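*Asks:* I have a structure I would like to understand better, so I am pasting it below and will then ask my questions one at a time.
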Amino acid sequence: MKSPLTLVEGEGSVVIIEREGYVDRVFYEITEAPRFFEYIVRGKSPELVVDFVSRVCGLCGVSYTFLAAKAFEKCLNIEVDSDVEEFREILHLAERVKSHALHVFLMNLPEITKTRSFSELAERNPKVVKNAFNIISYSRKLMRVFGGRFHNVVNIKIGGVYFTPSRDDVEKLRNEINGIFKSLTELADIILSFKSSIHLAISKPQLCVYAEKSYSHHGEKVVLDNAIYTTEAFYRNIVNVVQKEYSTALQYRVKGSESFIVGPVSRFNRYYDRLHSEVKDLLNTYNWRPPLSVFEGYIARIAELYDALLTIREYLENYKYRDIVSVKNTVEYKSANNVCEYAVEAPRGVLYHRYVLGKDCKIVECDIVTPTAQNLAVMEDIATQLTRGKRALEETIAIAKSVAIAFDPCISCSVHTLPVKVINFNKQS
Amino acid sequence: MIRVLVAKLTSCSGCLNEVIYALTHSDIRAKYNVTYFTEVLNVDKISNAELAFIEGSITTKHQEEFLKNLRSQVEFLIALGTCALMGGVQSLRLEGNIEDVKKTIYPEPRYIDILSEVKPVDSVVKVDFAIPGCPINGDALVSFLRKYALGGLPVAIYETVCSECKRKNIPCIIVTQKSPCLGPITISGCGALCPQFGRGCYGCYGLKFFDITREKINALLDRLVELKVDEGNLKAILLAYSFKLYSKLKESRC
Amino acid sequence: MIKVPELQQVKLYAGKLSDLERVMEYLRQRFNGATFMGYKLQNSMPVFGEINSLSDMPIRVSDIQRPGYYELIAGYRFRLSYASPKWYLLPPEHSILKVSPDYEFVDSTNNSLANKVVMFGIKSCDLNAIAVLDAILIGKHPIYTKKRSSVIAIIIEECLEPAETCFCSITGTGPTVLKGYDLAYARLDEDTVIFKAGSTLGEEIIKATGLREAVQEQVKSYYNAVERAMSIMSTRLPHLEEIQKALRRNVINEKLWKTLSEKCTGCGNCNYVCPTCFCVEIVDRVEESYTTRTALWTACCTYTYGLVAGGHFRRDLYMRYRHFILHKFLFYPKQTGGLLGCVGCGRCTTWCPLGLDLKETLVKVVEEVR
Amino acid sequence: MTLTKLENPFTFKRALVVNVVKEAPDTNTYIIKLNETYTANPGQFNMIYVYGLGEIPISLSNLPEHRGTYTLVNHTIRIVGAVTRAVMLHVGAGSQVGVRGPYGNGWPMREIEGRDIVIVAGGIGMAPLRPVIKYIENNRERYGRVNILYGARNPELLLYKYELNKYTVIPNTKLLLSSDIPAEGWLHYVGFVTDLINYVDVDLKNAIALVCGPEIMMKVAIKNLLKKGFKNEDIFISMERRMRCGIGVCGTCQFGHYFICKDGPVFRYSDIEEYFWVEGI
């Protein structure tokens, strides 16, 4: 049985493998065509790659660009001014706001409110829609002022940024932000009072970027449950890319077997304490605290959205305009280390890039591990766990779809997930 | 209400998000009924509609069939963005042999069922209107939707990024900063975004398709190389964002 | 062409930079509430905009201009930037009408009366460019007319040293001014400023600020500088009459125009920076409940120029490049009652990203005839 | 300068479309009601505005008809671009449009009084010449012999089919029709309308020609007229260019040193001869 996935970013289908009329396994078939970014960047200069990789994903291009810049800065020994670094972090948080807003309001809300689509919801409760669009529009303005546009921002480069917005532009954003908090809390009241119909105790390992003091954001280390690894150790030794028994889907599993979770739920469960107290107070009102299950990702997203907006507000209020006299566009490369790697918490979870530079400082090898690719194994495991042995009916598909929506796979960015070939067992419909 | 389909081929969903942005305008929502848009709508089958917006390029047989079927069900098809118009960044894979490309990433390349080409939308179906950009400018889409609802289309103005740059009162990046800028040969629409941010245009809206010849591109590239810019980088950028056009112009070199 | 003896009938006064500041101060009091418009430094770039004091102006810089090249260095010989008074008089984008879906006018663009504007420190070529725009637009274009009418005083800064791209003495538009201004000044050296009056207002300013008549030596070095500037520029191009004759003879020389425009990409920069280019495209910007009919600068070198629904009157780029040149040198005089459309400022050359040199084009056209 | 009170020339008059006449598959005539006494010379044009979409220069295809407090004007519009497409598909009887004008000089009706007249029209080029015919009909005594040569790519594309025959009953008037291609039931000339110049029946010493049509057709017409013996200064043509303002300020309609909108659209051939044959000027 097969059904296209909707309400997710990108193209894929749910495939249910049945045995004797009962569900045996669930797969997510990725029909999104691969774009071979790892190949494309070969032979290119790092400064081009920073802009190219933004095109992996229309939702989280800043994560890609920021991460690539960070990776190259580290291996090329390029110092970044701390003000500039803070500016880029704000731009990255703006993206978190944008992505979570689009996800929660466009993909989760219809499910929460049991409407077929957003337009149906608009008919039923225009205020909800207005609030949601207020936040989406505001995130767009943030992205435009700090990055140039809603996606594929043009402001990040190796060594810093190209431009800092004028005080006037920042002031306009600051003037608007309190209205946005109002929209957000009104929406939060609806969303936080919703309880997922699927109850699942968390039992999978959870991975996020290790953060010393802040909420999980970006860095050189990751943390899997309680174990801290360098990105290199984790992605080269701990996690294995495996092929499945009856499919060729590439999946990331710890030590070759255990699937793990990346994304807002992982971050929330681990770094809940580091959220702003306003966020925790709001969550308390509705009795939300860690651990959240993967079906409660919308809670983690609302928390992160709120938290990010609070950080952004502090930044806007204390904005020190500094004219960043543009450093020459071409950076002098003095390769210190030919391997460049780094990790960023993209909206959907840990994103990891690894580049190997040749003597001429052009890329000879690249590996991009996306959040969605890492989550695919756990998505299938959970979907299978929830449906195995049940009759393969529409409801079963619905559950499998809910798992997908809960994980918010951004399939467009599945840089390397292989399309699944379904092996037919008897009676597969 | 005008019925609309929104579909995605090989691409990043960035242009689709601009469609979502357009739908945040209540006057547009009042006039358009989106009936297929898997990203935000729990509907998995396409049905007849007046308009279709297509993001992405064609890289699988399935997409080609899907697109042809979709075309037969709509009256007016709009190609959105660099992927749909030029092939998109993914076209850079065409620099290598497809089997080698697969091998560099996948352990089981035989399962990767994709075309050896990257096809822009207009190479498979008729395109009635195109909005360029990587991603497209959401405001251009809003303008299109408003004008279409009034019964017309935006009046075409063929310009380069320079036009928008000068109208925004930005001194030329090449002339003052000696920075590389592809503005003089790149189609307008972004509002001179990069020059506003103090960097040269990197051509993500695509080469202009009018007035352009190999000689003219070379004239600009020669000029930029004088500014100590890596010619290889410039060509890689032109291929990445203007594959369809630039690869054709490049061929005519021999 | 301006002859030096003609100039010598004007009385010259001498002062310091501080006197220039006093002139500004006097005008500010004389025209209470007036806005001063001129060249000003903004993010280390001279733009055209509102000046609040002398220190806003590019008085401590010199510009180095070459085809496709512009740089500011320390000095006192600022000539031009890409912007010109056109930026104020005919802004790059201006709303001409706001209309509701019922075809009602939402508001009229002519309701508010323009402010009083003093053009301060514009160049002789700029003044001539304004005269050209006047001939085409005044009394016809509502925005231009309104803005132009707001100009109550014109203070000219004469250039005593041309930039590498300048040729105003060939077009007869500089470096000195004879009429159409109120007060003109030139910087003899870093601190010495020579003034002359061009109207009763100018005379009034000189009187009110107590400027002293220039001494013999100053007068001499002023005229020497003017003569030197003119003599430098005269070597850059043939006589205007010869240029015009050659252009007329080569209108139909398709091959020549194709060669001349070989490297032109049709970006339109030359048109936009030209102080006399006035062409606009009118577009409708539709908002939720009204549409704004907006005029946008357009450029004859871009593909749109000559395009019509179902056809194109200037399909090839060489045709549009040719129009740019012919318009400046042959057509404008017929449209304006004798004024040349080119004021010799060289902006088109400096600001061409490809570094195409108008002078070179003109020389080649003349050579073709020879 | 005392021009601060300049009326905004871009304001238009609201007008109601009262009737639409189908002329050809892609061409309609719109009869528009202006609430004022409006006058225009044959050959002049209006700027027609469609909300949110833009303005297009369209010549009047009939003499303005005064009806007490209002005037009816005709505009014949063919689909060629974004605005005309919108007009064709969405403007009907009862629709509003914006109208400003009349602009341009129009045909020299005064100057050509007493002369024999040859009208050469190709396709939509008949639209600005139709008021000339009506004007002559109304003032028949002031003009000499009239030859109307009118052709289109095929008979279906001829405009005003319902009244073409009536032109033949205007005293001393000859109507010659052509179709570029043969068509069933077509009894008139097959070939280009410019060929018909050979058959005109006028006193060449006292004849003038009024020409309007596609650029290429006008070029051939001029060649043939000159061959026939017409003098440069006795040929008038109506020109077209991209046009945005209608009042000589937008600059986009330049043709040599002329602004088509205010110096034209009608030109005496001898005045534009130096530009006419230069491609792309």
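By convention here, the chains of the structure tokens are called A, B, ... in the order presented, each chain's residues are numbered starting at 1, and ligands are numbered starting at 1 in the order presented.
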Tell me, as a PDB file with N, CA, C and O atoms, in the first residue's frame, which residues lie within 9 Å of stretch 176-181 of chain C, counting only C-alpha atoms; anything in the same chain fewer than 3 positions away does not count.
*Replies:*
```pdb
ATOM      1  N   ILE C   2      32.903  78.421 -24.905  1.00  0.00           N
ATOM      2  CA  ILE C   2      33.107  79.623 -24.104  1.00  0.00           C
ATOM      3  C   ILE C   2      34.502  80.175 -24.374  1.00  0.00           C
ATOM      4  O   ILE C   2      35.482  79.446 -24.365  1.00  0.00           O
ATOM      5  N   GLU C   6      35.281  86.492 -22.971  1.00  0.00           N
ATOM      6  CA  GLU C   6      33.888  86.701 -22.569  1.00  0.00           C
ATOM      7  C   GLU C   6      33.758  86.727 -21.062  1.00  0.00           C
ATOM      8  O   GLU C   6      32.978  87.464 -20.487  1.00  0.00           O
ATOM      9  N   LEU C   7      34.544  85.861 -20.460  1.00  0.00           N
ATOM     10  CA  LEU C   7      34.470  85.721 -19.012  1.00  0.00           C
ATOM     11  C   LEU C   7      35.002  86.948 -18.315  1.00  0.00           C
ATOM     12  O   LEU C   7      34.603  87.282 -17.214  1.00  0.00           O
ATOM     13  N   VAL C  10      33.314  89.657 -16.199  1.00  0.00           N
ATOM     14  CA  VAL C  10      32.681  89.413 -14.903  1.00  0.00           C
ATOM     15  C   VAL C  10      33.639  89.797 -13.786  1.00  0.00           C
ATOM     16  O   VAL C  10      34.834  89.526 -13.852  1.00  0.00           O
ATOM     17  N   LYS C 123      27.604  71.572 -10.747  1.00  0.00           N
ATOM     18  CA  LYS C 123      28.644  71.943 -11.697  1.00  0.00           C
ATOM     19  C   LYS C 123      28.048  72.621 -12.925  1.00  0.00           C
ATOM     20  O   LYS C 123      26.847  72.568 -13.176  1.00  0.00           O
ATOM     21  N   SER C 124      28.942  73.210 -13.699  1.00  0.00           N
ATOM     22  CA  SER C 124      28.505  73.896 -14.904  1.00  0.00           C
ATOM     23  C   SER C 124      27.797  72.919 -15.850  1.00  0.00           C
ATOM     24  O   SER C 124      26.767  73.235 -16.437  1.00  0.00           O
ATOM     25  N   CYS C 125      28.354  71.709 -15.949  1.00  0.00           N
ATOM     26  CA  CYS C 125      27.703  70.718 -16.829  1.00  0.00           C
ATOM     27  C   CYS C 125      26.313  70.383 -16.297  1.00  0.00           C
ATOM     28  O   CYS C 125      25.375  70.194 -17.073  1.00  0.00           O
ATOM     29  N   LEU C 127      24.315  72.347 -14.653  1.00  0.00           N
ATOM     30  CA  LEU C 127      23.418  73.459 -14.958  1.00  0.00           C
ATOM     31  C   LEU C 127      22.919  73.352 -16.401  1.00  0.00           C
ATOM     32  O   LEU C 127      21.740  73.546 -16.687  1.00  0.00           O
ATOM     33  N   ASN C 128      23.848  73.026 -17.282  1.00  0.00           N
ATOM     34  CA  ASN C 128      23.455  72.859 -18.689  1.00  0.00           C
ATOM     35  C   ASN C 128      22.507  71.684 -18.865  1.00  0.00           C
ATOM     36  O   ASN C 128      21.612  71.720 -19.703  1.00  0.00           O
ATOM     37  N   ALA C 131      19.107  72.721 -18.055  1.00  0.00           N
ATOM     38  CA  ALA C 131      18.505  73.475 -19.161  1.00  0.00           C
ATOM     39  C   ALA C 131      17.928  72.532 -20.212  1.00  0.00           C
ATOM     40  O   ALA C 131      16.864  72.778 -20.783  1.00  0.00           O
ATOM     41  N   ALA C 153      17.350  79.063  -6.007  1.00  0.00           N
ATOM     42  CA  ALA C 153      18.690  79.631  -6.186  1.00  0.00           C
ATOM     43  C   ALA C 153      19.627  78.533  -6.664  1.00  0.00           C
ATOM     44  O   ALA C 153      19.479  77.368  -6.291  1.00  0.00           O
ATOM     45  N   ILE C 154      20.552  78.931  -7.523  1.00  0.00           N
ATOM     46  CA  ILE C 154      21.523  77.959  -8.039  1.00  0.00           C
ATOM     47  C   ILE C 154      22.934  78.483  -7.799  1.00  0.00           C
ATOM     48  O   ILE C 154      23.305  79.566  -8.276  1.00  0.00           O
ATOM     49  N   ILE C 155      23.675  77.730  -7.021  1.00  0.00           N
ATOM     50  CA  ILE C 155      25.069  78.091  -6.721  1.00  0.00           C
ATOM     51  C   ILE C 155      25.958  77.062  -7.405  1.00  0.00           C
ATOM     52  O   ILE C 155      25.834  75.861  -7.169  1.00  0.00           O
ATOM     53  N   ILE C 156      26.815  77.549  -8.277  1.00  0.00           N
ATOM     54  CA  ILE C 156      27.635  76.647  -9.104  1.00  0.00           C
ATOM     55  C   ILE C 156      29.051  76.551  -8.559  1.00  0.00           C
ATOM     56  O   ILE C 156      29.640  77.542  -8.149  1.00  0.00           O
ATOM     57  N   GLU C 157      29.565  75.337  -8.571  1.00  0.00           N
ATOM     58  CA  GLU C 157      31.002  75.199  -8.345  1.00  0.00           C
ATOM     59  C   GLU C 157      31.656  74.886  -9.676  1.00  0.00           C
ATOM     60  O   GLU C 157      31.346  73.885 -10.322  1.00  0.00           O
ATOM     61  N   GLU C 158      32.560  75.772 -10.079  1.00  0.00           N
ATOM     62  CA  GLU C 158      33.263  75.540 -11.341  1.00  0.00           C
ATOM     63  C   GLU C 158      34.463  74.631 -11.095  1.00  0.00           C
ATOM     64  O   GLU C 158      35.103  74.708 -10.059  1.00  0.00           O
ATOM     65  N   CYS C 159      34.735  73.765 -12.088  1.00  0.00           N
ATOM     66  CA  CYS C 159      35.898  72.889 -11.975  1.00  0.00           C
ATOM     67  C   CYS C 159      37.085  73.595 -12.627  1.00  0.00           C
ATOM     68  O   CYS C 159      36.987  74.050 -13.765  1.00  0.00           O
ATOM     69  N   LEU C 160      38.181  73.658 -11.925  1.00  0.00           N
ATOM     70  CA  LEU C 160      39.356  74.271 -12.556  1.00  0.00           C
ATOM     71  C   LEU C 160      40.332  73.220 -13.076  1.00  0.00           C
ATOM     72  O   LEU C 160      41.359  73.543 -13.645  1.00  0.00           O
ATOM     73  N   SER C 169      34.429  71.392 -22.383  1.00  0.00           N
ATOM     74  CA  SER C 169      34.756  72.527 -23.249  1.00  0.00           C
ATOM     75  C   SER C 169      34.400  72.202 -24.703  1.00  0.00           C
ATOM     76  O   SER C 169      34.134  73.096 -25.494  1.00  0.00           O
ATOM     77  N   THR C 173      29.821  73.461 -22.513  1.00  0.00           N
ATOM     78  CA  THR C 173      28.996  73.485 -21.297  1.00  0.00           C
ATOM     79  C   THR C 173      29.839  73.703 -20.044  1.00  0.00           C
ATOM     80  O   THR C 173      29.362  73.531 -18.937  1.00  0.00           O
ATOM     81  N   ALA C 184      28.521  81.749  -8.563  1.00  0.00           N
ATOM     82  CA  ALA C 184      29.419  80.651  -8.916  1.00  0.00           C
ATOM     83  C   ALA C 184      30.710  80.817  -8.137  1.00  0.00           C
ATOM     84  O   ALA C 184      31.095  81.941  -7.794  1.00  0.00           O
ATOM     85  N   ALA C 186      34.807  78.976  -7.559  1.00  0.00           N
ATOM     86  CA  ALA C 186      35.807  77.998  -8.008  1.00  0.00           C
ATOM     87  C   ALA C 186      36.898  77.957  -6.955  1.00  0.00           C
ATOM     88  O   ALA C 186      37.174  78.968  -6.295  1.00  0.00           O
ATOM     89  N   ALA C 197      29.179  86.673  -9.405  1.00  0.00           N
ATOM     90  CA  ALA C 197      27.720  86.746  -9.327  1.00  0.00           C
ATOM     91  C   ALA C 197      27.129  86.579 -10.713  1.00  0.00           C
ATOM     92  O   ALA C 197      27.694  87.051 -11.695  1.00  0.00           O
ATOM     93  N   GLY C 198      25.984  85.898 -10.772  1.00  0.00           N
ATOM     94  CA  GLY C 198      25.338  85.696 -12.065  1.00  0.00           C
ATOM     95  C   GLY C 198      23.944  86.286 -12.090  1.00  0.00           C
ATOM     96  O   GLY C 198      23.221  86.172 -13.071  1.00  0.00           O
ATOM     97  N   SER C 199      23.548  86.907 -10.969  1.00  0.00           N
ATOM     98  CA  SER C 199      22.209  87.488 -10.913  1.00  0.00           C
ATOM     99  C   SER C 199      22.202  88.540  -9.811  1.00  0.00           C
ATOM    100  O   SER C 199      23.190  88.696  -9.078  1.00  0.00           O
ATOM    101  N   GLY C 202      22.913  86.908  -6.683  1.00  0.00           N
ATOM    102  CA  GLY C 202      24.346  86.668  -6.519  1.00  0.00           C
ATOM    103  C   GLY C 202      25.052  87.908  -6.012  1.00  0.00           C
ATOM    104  O   GLY C 202      25.887  87.841  -5.095  1.00  0.00           O
ATOM    105  N   VAL C 226      41.420  78.151 -15.913  1.00  0.00           N
ATOM    106  CA  VAL C 226      40.323  77.889 -16.851  1.00  0.00           C
ATOM    107  C   VAL C 226      40.885  77.563 -18.229  1.00  0.00           C
ATOM    108  O   VAL C 226      40.491  76.584 -18.867  1.00  0.00           O
TER     109      VAL C 226
END
```
*Asks:* Step one, run DSSP on the backbone; step two, keep only residues of stretch 109-295 of chain A assigned to alpha helix (DSSP H); then write them as a VMD selection string.
*Replies:* chain A and resid 109 to 112 118 to 124 126 to 147 167 to 192 231 to 233 264 to 271 277 to 285
*Asks:* Within 7 Å of chain C, which residues belong to chain B? Use only C-alpha atoms and report them as number ranges by chain.
*Replies:* B: 27, 143, 146, 157-160, 162-163, 166-167, 171-172, 174-176, 184-185, 210-212, 216, 219-220, 223
*Asks:* Print the selection's residues with N, CA, C and O atoms to a file, as a short mmCIF file (atom, residue, chain, number, x, y, z; two decimals), in the first residue's frame.
*Replies:*
```
data_model
loop_
_atom_site.label_atom_id
_atom_site.label_comp_id
_atom_site.auth_asym_id
_atom_site.auth_seq_id
_atom_site.Cartn_x
_atom_site.Cartn_y
_atom_site.Cartn_z
N ASP B 27 -6.20 39.74 0.06
CA ASP B 27 -6.88 39.99 -1.22
C ASP B 27 -6.56 38.88 -2.22
O ASP B 27 -7.37 38.55 -3.07
N SER B 143 2.54 40.56 -7.44
CA SER B 143 2.13 41.45 -8.53
C SER B 143 1.49 40.63 -9.65
O SER B 143 0.44 41.01 -10.19
N ARG B 146 -2.02 39.53 -8.60
CA ARG B 146 -2.99 40.63 -8.61
C ARG B 146 -3.37 41.01 -10.03
O ARG B 146 -4.53 41.24 -10.34
N ILE B 157 9.14 44.15 -18.89
CA ILE B 157 10.22 45.12 -19.00
C ILE B 157 11.51 44.31 -18.94
O ILE B 157 11.75 43.60 -17.97
N TYR B 158 12.29 44.38 -20.00
CA TYR B 158 13.52 43.59 -20.05
C TYR B 158 14.71 44.45 -19.66
O TYR B 158 15.10 45.34 -20.42
N GLU B 159 15.23 44.18 -18.50
CA GLU B 159 16.35 44.97 -18.00
C GLU B 159 17.33 44.05 -17.28
O GLU B 159 17.04 42.89 -17.03
N THR B 160 18.44 44.64 -16.88
CA THR B 160 19.39 43.89 -16.06
C THR B 160 19.36 44.43 -14.64
O THR B 160 18.71 45.44 -14.35
N CYS B 162 21.47 46.10 -13.26
CA CYS B 162 21.97 47.48 -13.22
C CYS B 162 20.82 48.50 -13.14
O CYS B 162 20.93 49.52 -12.47
N SER B 163 19.73 48.22 -13.84
CA SER B 163 18.62 49.16 -13.84
C SER B 163 18.08 49.35 -12.44
O SER B 163 17.84 50.47 -11.99
N LYS B 166 20.75 51.20 -10.20
CA LYS B 166 20.84 52.64 -10.37
C LYS B 166 19.59 53.31 -9.80
O LYS B 166 19.67 54.34 -9.15
N ARG B 167 18.44 52.71 -10.02
CA ARG B 167 17.22 53.33 -9.50
C ARG B 167 17.19 53.30 -7.98
O ARG B 167 16.46 54.05 -7.36
N PRO B 171 25.89 53.16 -6.06
CA PRO B 171 27.00 53.34 -7.00
C PRO B 171 27.52 51.99 -7.49
O PRO B 171 27.52 51.01 -6.74
N CYS B 172 27.95 51.95 -8.73
CA CYS B 172 28.34 50.68 -9.33
C CYS B 172 29.46 50.01 -8.53
O CYS B 172 30.48 50.60 -8.24
N ILE B 174 31.32 47.49 -9.50
CA ILE B 174 32.53 47.24 -10.30
C ILE B 174 33.38 48.51 -10.34
O ILE B 174 34.58 48.47 -10.12
N VAL B 175 32.72 49.63 -10.59
CA VAL B 175 33.45 50.87 -10.80
C VAL B 175 34.06 51.40 -9.50
O VAL B 175 35.19 51.88 -9.49
N THR B 176 33.33 51.29 -8.42
CA THR B 176 33.85 51.89 -7.18
C THR B 176 34.62 50.91 -6.31
O THR B 176 35.57 51.28 -5.65
N PRO B 184 25.51 43.48 -15.02
CA PRO B 184 25.26 43.94 -16.40
C PRO B 184 24.72 42.86 -17.34
O PRO B 184 24.24 43.19 -18.42
N ILE B 185 24.83 41.59 -16.97
CA ILE B 185 24.29 40.57 -17.87
C ILE B 185 23.23 39.70 -17.19
O ILE B 185 22.80 38.69 -17.74
N PHE B 210 18.03 38.25 -23.63
CA PHE B 210 17.95 39.17 -24.76
C PHE B 210 19.29 39.89 -24.85
O PHE B 210 20.01 39.98 -23.85
N ASP B 211 19.64 40.36 -26.04
CA ASP B 211 20.86 41.16 -26.22
C ASP B 211 22.13 40.43 -25.81
O ASP B 211 23.16 41.07 -25.61
N ILE B 212 22.07 39.14 -25.58
CA ILE B 212 23.29 38.54 -25.02
C ILE B 212 23.95 37.63 -26.05
O ILE B 212 23.29 36.92 -26.79
N LYS B 216 29.61 39.29 -25.72
CA LYS B 216 29.27 40.26 -24.67
C LYS B 216 29.56 39.68 -23.29
O LYS B 216 30.01 40.39 -22.40
N ALA B 219 33.16 39.87 -22.87
CA ALA B 219 33.62 41.24 -22.63
C ALA B 219 33.52 41.55 -21.14
O ALA B 219 34.43 42.15 -20.54
N LEU B 220 32.42 41.13 -20.52
CA LEU B 220 32.29 41.39 -19.08
C LEU B 220 33.26 40.53 -18.28
O LEU B 220 33.92 41.02 -17.37
N ARG B 223 36.65 41.89 -18.35
CA ARG B 223 36.70 43.08 -17.49
C ARG B 223 36.83 42.66 -16.02
O ARG B 223 37.57 43.25 -15.26
#
```
*Asks:* With a distance cut-off of 7 Å and only C-alpha atoms, select the neighbouring residues of stretch 339-344 of chain A, excluding the residue or stretch itself and same-chain residues fewer than 3 positions from it, and output the selection as a list in words.
*Replies:* Ser63, Leu67, Lys70, Ala71, Phe72, Lys74, Cys75, Val209, His217, His218, Gly219, Glu220, Thr231, Val350, Leu351, Tyr352, His353, Arg354, Tyr355, Val356 and Leu357 of chain A
*Asks:* Between D:Ile119, D:Leu60, D:Val21, D:Val211, which one has atoms that come closest to D:Met88, using only C-alpha atoms?
*Replies:*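 Nearest to D:Met88: D:Val21.
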*Asks:* Identify all chain D residues at most 10 Å from chain C by counting only C-alpha atoms; ligands do not count. Present them as JSON, numbers by chain.
*Replies:* {"D": [1, 2, 3, 4, 5, 6, 7, 8, 9, 10, 11, 12, 13, 14, 15, 49, 50, 51, 52, 53, 54, 55, 79, 80, 81, 82, 83, 84, 96, 97, 98, 215, 240, 241, 242, 243, 244, 245, 247, 248, 249, 250, 251, 252, 253, 254, 255, 256, 257, 258, 259, 274, 275, 277, 278, 279, 280, 281]}
*Asks:* Write out as a PyMOL selection string every residue belonging to chain B that has an atom at most 12 Å from any atom of chain D, counting only C-alpha atoms.
*Replies:* chain B and resi 129+143-157
